[in-house]
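See structure below.
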Amino acid sequence: MAVDFRSILSPQAMCLGISAQSSDEVIRLLGERLIALGKVKADYPDALIARESTMPTGLPLGTINVAVPHSDPVHVVAPAIGLATLKEPVSFASMDDPEEKLPVRVVIALALTDKDAQIEMLQAVARFIQNPGALAALAKARTPEEAFSAFPT
């Protein structure tokens, strides 16, 4: 079943072309956006950062690396995605090798209300990021419209 990213990705949850100093800064920014939208609980950013420290989500994809931080559903009010594209990469630990630091340019923070949906969404994100053209279009997006056009319909 295809996942419709547009159904849970709000323009207000996008931080496009931003500068950040660290993975924690990006995660906190996305978490605060989702809190403001009423999609997650106040402890969501801390839960993402804590989980990222023990189960990193950096994915080595070559030119544009991606991180997909997510938390347990207990921190989520309603399904949502926070999206950040970075002017300059920030370092995330690799999912494959936590000792390896990856320069990440796209961060997709998932906020989902049940574990089954989380698995399906992670699979959909994996399919999306394996399309180099779509990922490059997303990394270059500077408006919500440009970001939405990178995702499959």
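Just remember, in the structure tokens the first chain shown is A, the second B, etc., residues are 1-based per chain, and ligands are 1-based in the order shown.
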- Write out as number ranges by chain each polymer residue whose atoms come within 8 Å of Pro103 of chain A, counting only C-alpha atoms; drop sequence neighbours fewer than 3 positions from it. A: 65, 89-92
- Query: Quick one: residues within 9 Å of Leu112 of chain A, only C-alpha atoms counted, chain neighbours fewer than 4 positions away excluded, as a ChimeraX atom specification?
  - Reply: /A:70-73,75-81,117-118,121
May I have the selected residues written with C-alpha atoms, as a PDB file, in the first residue's frame?
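Below is the file that was written, part20.pdb:
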```pdb
ATOM      1  CA  HIS A  70      11.203   8.782  15.326  1.00  0.00           C
ATOM      2  CA  SER A  71       9.866   7.927  18.749  1.00  0.00           C
ATOM      3  CA  ASP A  72       7.446   5.610  20.467  1.00  0.00           C
ATOM      4  CA  PRO A  73       3.772   6.397  19.799  1.00  0.00           C
ATOM      5  CA  HIS A  75       4.786  10.820  22.577  1.00  0.00           C
ATOM      6  CA  VAL A  76       2.442  11.420  19.618  1.00  0.00           C
ATOM      7  CA  VAL A  77      -1.029  12.994  19.579  1.00  0.00           C
ATOM      8  CA  ALA A  78      -1.774  12.675  15.837  1.00  0.00           C
ATOM      9  CA  PRO A  79       0.227  11.372  12.853  1.00  0.00           C
ATOM     10  CA  ALA A  80       2.624  13.916  11.368  1.00  0.00           C
ATOM     11  CA  ILE A  81       5.978  14.382   9.681  1.00  0.00           C
ATOM     12  CA  ALA A 117       1.930   2.518  10.852  1.00  0.00           C
ATOM     13  CA  GLN A 118       5.511   3.328  11.821  1.00  0.00           C
ATOM     14  CA  MET A 121       5.915   4.704   6.941  1.00  0.00           C
TER      15      MET A 121
END
```
Within 10 Å of Asp24 of chain A, counting only C-alpha atoms, which residues show up once you throw out same-chain ones fewer than 6 positions away? Write them as an mmCIF file with C-alpha atoms, in the first residue's frame, please.
```cif
data_model
loop_
_atom_site.group_PDB
_atom_site.id
_atom_site.type_symbol
_atom_site.label_atom_id
_atom_site.label_comp_id
_atom_site.auth_asym_id
_atom_site.auth_seq_id
_atom_site.Cartn_x
_atom_site.Cartn_y
_atom_site.Cartn_z
ATOM 1 C CA LEU A 30 11.232 19.891 14.083
ATOM 2 C CA PRO A 45 11.842 16.341 21.033
ATOM 3 C CA ASP A 46 13.605 14.874 24.083
ATOM 4 C CA LEU A 48 13.666 11.730 19.655
ATOM 5 C CA ILE A 49 17.068 12.866 20.894
ATOM 6 C CA ALA A 50 17.222 10.076 23.494
ATOM 7 C CA GLU A 52 18.715 8.801 18.373
ATOM 8 C CA SER A 53 21.551 8.431 20.911
ATOM 9 C CA VAL A 90 24.934 18.143 10.174
ATOM 10 C CA SER A 91 26.392 14.997 11.685
ATOM 11 C CA PHE A 92 24.133 12.043 12.536
#
```
- Task: Fewer than 3 positions away in the same chain doesn't count, so skip those; otherwise give me all residues within 6 Å of segment 133-150 of chain A, counting only C-alpha atoms, as JSON, numbers by chain.
- Result: {"A": [11, 16, 85, 129]}
Selection to disk with all heavy atoms, as a tab-separated table (two decimals), in the first residue's frame:
```tsv
chain	number	residue	atom	x	y	z
A	11	PRO	N	2.84	22.09	5.58
A	11	PRO	CA	3.84	23.12	5.27
A	11	PRO	C	4.44	23.75	6.53
A	11	PRO	O	5.60	24.10	6.56
A	11	PRO	CB	3.07	24.15	4.44
A	11	PRO	CG	1.96	23.38	3.83
A	11	PRO	CD	1.58	22.33	4.85
A	16	LEU	N	12.90	24.44	5.57
A	16	LEU	CA	13.61	24.23	4.31
A	16	LEU	C	14.79	25.18	4.16
A	16	LEU	O	14.67	26.38	4.40
A	16	LEU	CB	12.64	24.41	3.14
A	16	LEU	CG	11.39	23.52	3.19
A	16	LEU	CD1	10.44	23.88	2.06
A	16	LEU	CD2	11.78	22.05	3.13
A	85	THR	N	15.41	20.44	5.49
A	85	THR	CA	16.50	20.36	4.53
A	85	THR	C	17.54	21.37	5.00
A	85	THR	O	17.20	22.45	5.48
A	85	THR	CB	16.05	20.66	3.09
A	85	THR	OG1	15.52	21.99	3.01
A	85	THR	CG2	14.99	19.66	2.63
A	129	ILE	N	13.54	7.64	-0.50
A	129	ILE	CA	14.92	8.14	-0.49
A	129	ILE	C	15.85	7.34	-1.40
A	129	ILE	O	16.96	7.78	-1.69
A	129	ILE	CB	15.49	8.22	0.95
A	129	ILE	CG1	15.57	6.85	1.60
A	129	ILE	CG2	14.67	9.20	1.79
A	129	ILE	CD1	16.18	6.85	2.99
```
- When you draw a straight line from atom CA of Ala84 of chain A to atom CA of Ala126 of chain A, how long is it in Å?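 Distance between the two atoms: 16.5 Å.
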